[in-house]
Amino acid sequence: MIAIRDRKLALWNIGVAYLAFLIGTLCGLLQVFIRNDALTLPSWLDYYQILTAHGVLLALIFTTFFIFGFFITGMSKSLGSFGPKVYLFSWIGFAVTTVGTVLATAMIVSGEASVLYTFYAPLKASGWYYVGLALFVVGTWISSFALVGHYMVWRKKHKGQLSPLFAFMTIATIVMWIIACLGVVATVLFQFIPWAFGWVDTINVELSRSLFWFFGHPLVYFWLLPAYMAWYVIVPKLIGTKVFSDSLARLSFVLFILFSIPVGFHHQLTEPGISNFWKFLQVVLTFMVIIPSLMTAFSMFATFEIAGRKKGGKGLFGWLTKLPWKDVRFTSIFVAMAFFIPGGAGGIINASFQLNEIVHNTLWIVGHFHITVGTPVAMTFMGLTFWIIPYLTGRKFSKSMQKLGFIQIITWAIGMLLMSTSQHILGLLGAPRRTAYSGYNNHPSAMEWFDGILTNHVTMAIGGSILFLSAMILIYIVVMTMFLSPKAVKEEDFVDFPLAESDVENTPKFLENWWIWIGIAFVLIIIAYAIPLNAMIHHAPPGSEGFKTW
Ligand code: HEM
Ligand SMILES: [Cu+2]
């Protein structure tokens, strides 16, 4: 068991995450009904206000707070309890991140910031919204440095040893996050804040978008890597085996540091102002991410096969039946992984220059990220939630909770399948994303979109409602295991943190030499970004003043 005070810290992070999840999923439900022409908002509430809240609260706030709760728990478990300084800075980080969150959310709720979570210029929100975002990022940096400090103390005490895999992966994720945030911090501090407060009149739009996507793409890996950590380090323990290969796991994380940052232009393929050569180069670098992704898929299935065969599974696929399907901690994560197969394939489509022309800015994209972050990541976090909260509170995770957990993940999977499939299809037909109901004045081509079995209003409404129901079941489980379930007394009722063993004998030491990887990462970033960013600054068109379209 980890120290009580470390547990409190983690619980506060997870608590804030689920508060954001509650409000965010409610917004999602409203969006589905508005897009379906089944709900009209009162005049004081705007579709874009809700959509901004949904994107920010789920994609940024829920994920980030949950991830830090997970990191804190795992770092305390694998490296020992936090010292006083690490503890203090973790709280300061939590406080600053929370203040930023509250400020940004207040601006969205008061209608001052309906600029969506990508806050593209020249849409202009209140300056305080950007201050909120800046505080949020700085807060995560403070929390990150606290964890790095904890890791450095451990390394000093264990000279010459490789750190435990969980700690290594945490630090890799943090290294990537800190480098990625440089882009968003630069644009928010030097472009948006002076512009939004009126200190300067105009903004360089292309530069701001490029700096945003310098951050925005690795942001998706900031969500994904903690899920991968669960897949690499927790799942093998749940199914009764060891980590498949320690060095493969570490190498794949290192590759993610290298290839997740110099690729942001793949979100800007349709934008003028960036020449094709740089778009091409970044698309090539984007495709490099397929390597560590397939390495991860390979080692997951190798782990499953090894565990299944150890338990007597025979034949080509007999081992599949031997996996612990009745354990919701495992099944949730397996379902999450299964969703990532079409999710990852869709990502290859999005990043392909020509195919991007068809799907860009359509509902296809919305379908895509609900089967990447919205399910593989979110459902892995759900699976973690089932045991991490009981672990932290010392309460029981009863049989009836286990059953509810199953209902929750099954309903989420069905709801997402319905919603995201219809979004993918509608997008291919041409329906735009980020719009309230749009029938283009009842134009026959637009009306036809809603004729399909999966794309008609009824199916979509059912999908959205099932999802929201699922979210509420999860909130119930969270509240119960946090505050109300009976405390565990008997030995067998205690829930543990299932960290798998990982053999490090054959792992090369250089994998943990961070300076090598940070160095290569910066070289790649300079190759991919230095010349085009420089051109955007020195050959900038006249800047834009701000627009408030809502
Ligand atoms: C109850 C579950 C959910 C429902 C019903 C739902 C529904 C929706 C809908 C209908 C949209 C499209 C709006 C539009 O383009 O006009 C949307 C956008 C979005 N959703 Fe969800 N969603 C849910 C859960 C999630 C989760 C768990 C995440 C991430 C962790 C997420 C992240 C996003 C993001 C980032 C957007 C894009 C916002 C933007 O375009 O600015 N959603 N959601
Ligand atoms: Cu991307």
# chains A, B, ... in the order shown; residues from 1 in each chain; ligands from 1
>>> residues_around(residues="A:Leu469", least_positions_apart="5", cutoff="9 Å", atoms="only C-alpha atoms", output="list of chain:residue names")
A:Gln408, A:Thr411, A:Trp412, A:Gly464, A:Leu474
>>> write_last_selection(atoms="all heavy atoms", output="mmCIF file, in the first residue's frame")
data_model
loop_
_atom_site.group_PDB
_atom_site.id
_atom_site.type_symbol
_atom_site.label_atom_id
_atom_site.label_comp_id
_atom_site.auth_asym_id
_atom_site.auth_seq_id
_atom_site.Cartn_x
_atom_site.Cartn_y
_atom_site.Cartn_z
ATOM 1 N N GLN A 408 -21.638 -1.175 -17.811
ATOM 2 C CA GLN A 408 -21.122 0.131 -18.229
ATOM 3 C C GLN A 408 -20.275 0.016 -19.503
ATOM 4 O O GLN A 408 -20.489 0.759 -20.456
ATOM 5 C CB GLN A 408 -20.308 0.746 -17.083
ATOM 6 C CG GLN A 408 -20.017 2.226 -17.276
ATOM 7 C CD GLN A 408 -18.672 2.466 -17.928
ATOM 8 O OE1 GLN A 408 -17.681 1.845 -17.543
ATOM 9 N NE2 GLN A 408 -18.623 3.342 -18.906
ATOM 10 N N THR A 411 -22.457 -1.022 -22.594
ATOM 11 C CA THR A 411 -23.285 0.062 -23.132
ATOM 12 C C THR A 411 -22.414 1.108 -23.820
ATOM 13 O O THR A 411 -22.772 1.640 -24.864
ATOM 14 C CB THR A 411 -24.129 0.740 -22.025
ATOM 15 O OG1 THR A 411 -23.303 0.941 -20.877
ATOM 16 C CG2 THR A 411 -25.328 -0.085 -21.673
ATOM 17 N N TRP A 412 -21.256 1.403 -23.234
ATOM 18 C CA TRP A 412 -20.373 2.387 -23.886
ATOM 19 C C TRP A 412 -19.961 1.886 -25.275
ATOM 20 O O TRP A 412 -19.982 2.617 -26.255
ATOM 21 C CB TRP A 412 -19.136 2.663 -23.016
ATOM 22 C CG TRP A 412 -18.306 3.816 -23.487
ATOM 23 C CD1 TRP A 412 -17.286 3.781 -24.386
ATOM 24 C CD2 TRP A 412 -18.434 5.192 -23.083
ATOM 25 N NE1 TRP A 412 -16.773 5.048 -24.575
ATOM 26 C CE2 TRP A 412 -17.457 5.934 -23.785
ATOM 27 C CE3 TRP A 412 -19.280 5.878 -22.208
ATOM 28 C CZ2 TRP A 412 -17.292 7.316 -23.631
ATOM 29 C CZ3 TRP A 412 -19.118 7.249 -22.051
ATOM 30 C CH2 TRP A 412 -18.129 7.952 -22.760
ATOM 31 N N GLY A 464 -26.549 8.094 -28.798
ATOM 32 C CA GLY A 464 -26.148 9.127 -27.842
ATOM 33 C C GLY A 464 -26.725 8.864 -26.461
ATOM 34 O O GLY A 464 -26.049 9.040 -25.440
ATOM 35 N N LEU A 474 -21.104 4.897 -14.819
ATOM 36 C CA LEU A 474 -19.708 5.038 -14.392
ATOM 37 C C LEU A 474 -19.598 6.035 -13.232
ATOM 38 O O LEU A 474 -18.893 5.787 -12.246
ATOM 39 C CB LEU A 474 -18.842 5.487 -15.573
ATOM 40 C CG LEU A 474 -17.354 5.622 -15.269
ATOM 41 C CD1 LEU A 474 -16.762 4.288 -14.812
ATOM 42 C CD2 LEU A 474 -16.582 6.114 -16.487
#
>>> residues_near_ligand(ligand="ligand 1", cutoff="6 Å", atoms="only C-alpha atoms and all ligand atoms", output="ChimeraX atom specification")
/A:25,28-29,31-32,51-52,55,58-59,116-117,366,370,373-374,378,433-436,464,467-468
>>> closest_atom_pairs(of="chain A", to="ligand 2", cutoff="8 Å", atoms="only C-alpha atoms and all ligand atoms", output="JSON lines")
{"residue": "A:Trp213", "atom": "CA", "partner": "ligand 2", "partner_atom_place_in_ligand_line": "1 (Cu)", "distance": 7.7}
{"residue": "A:Gly216", "atom": "CA", "partner": "ligand 2", "partner_atom_place_in_ligand_line": "1 (Cu)", "distance": 6.8}
{"residue": "A:His217", "atom": "CA", "partner": "ligand 2", "partner_atom_place_in_ligand_line": "1 (Cu)", "distance": 4.0}
{"residue": "A:Pro218", "atom": "CA", "partner": "ligand 2", "partner_atom_place_in_ligand_line": "1 (Cu)", "distance": 7.2}
{"residue": "A:Val220", "atom": "CA", "partner": "ligand 2", "partner_atom_place_in_ligand_line": "1 (Cu)", "distance": 7.1}
{"residue": "A:Val263", "atom": "CA", "partner": "ligand 2", "partner_atom_place_in_ligand_line": "1 (Cu)", "distance": 7.1}
{"residue": "A:Gly264", "atom": "CA", "partner": "ligand 2", "partner_atom_place_in_ligand_line": "1 (Cu)", "distance": 6.0}
{"residue": "A:His266", "atom": "CA", "partner": "ligand 2", "partner_atom_place_in_ligand_line": "1 (Cu)", "distance": 6.2}
{"residue": "A:His267", "atom": "CA", "partner": "ligand 2", "partner_atom_place_in_ligand_line": "1 (Cu)", "distance": 6.0}
{"residue": "A:Thr286", "atom": "CA", "partner": "ligand 2", "partner_atom_place_in_ligand_line": "1 (Cu)", "distance": 8.0}
{"residue": "A:Ala351", "atom": "CA", "partner": "ligand 2", "partner_atom_place_in_ligand_line": "1 (Cu)", "distance": 7.6}
>>> atom_distance(atom1="atom CA of A:Thr393", atom2="atom CA of A:Met482")
6.3 Å
>>> residues_around(residues="A:Ser299", least_positions_apart="3", cutoff="9 Å", atoms="only C-alpha atoms", output="number ranges by chain")
A: 232, 243-245, 248-249, 294-296, 302-304
>>> atom_distance(atom1="atom CA of A:Val284", atom2="atom CA of A:Ile520")
16.8 Å
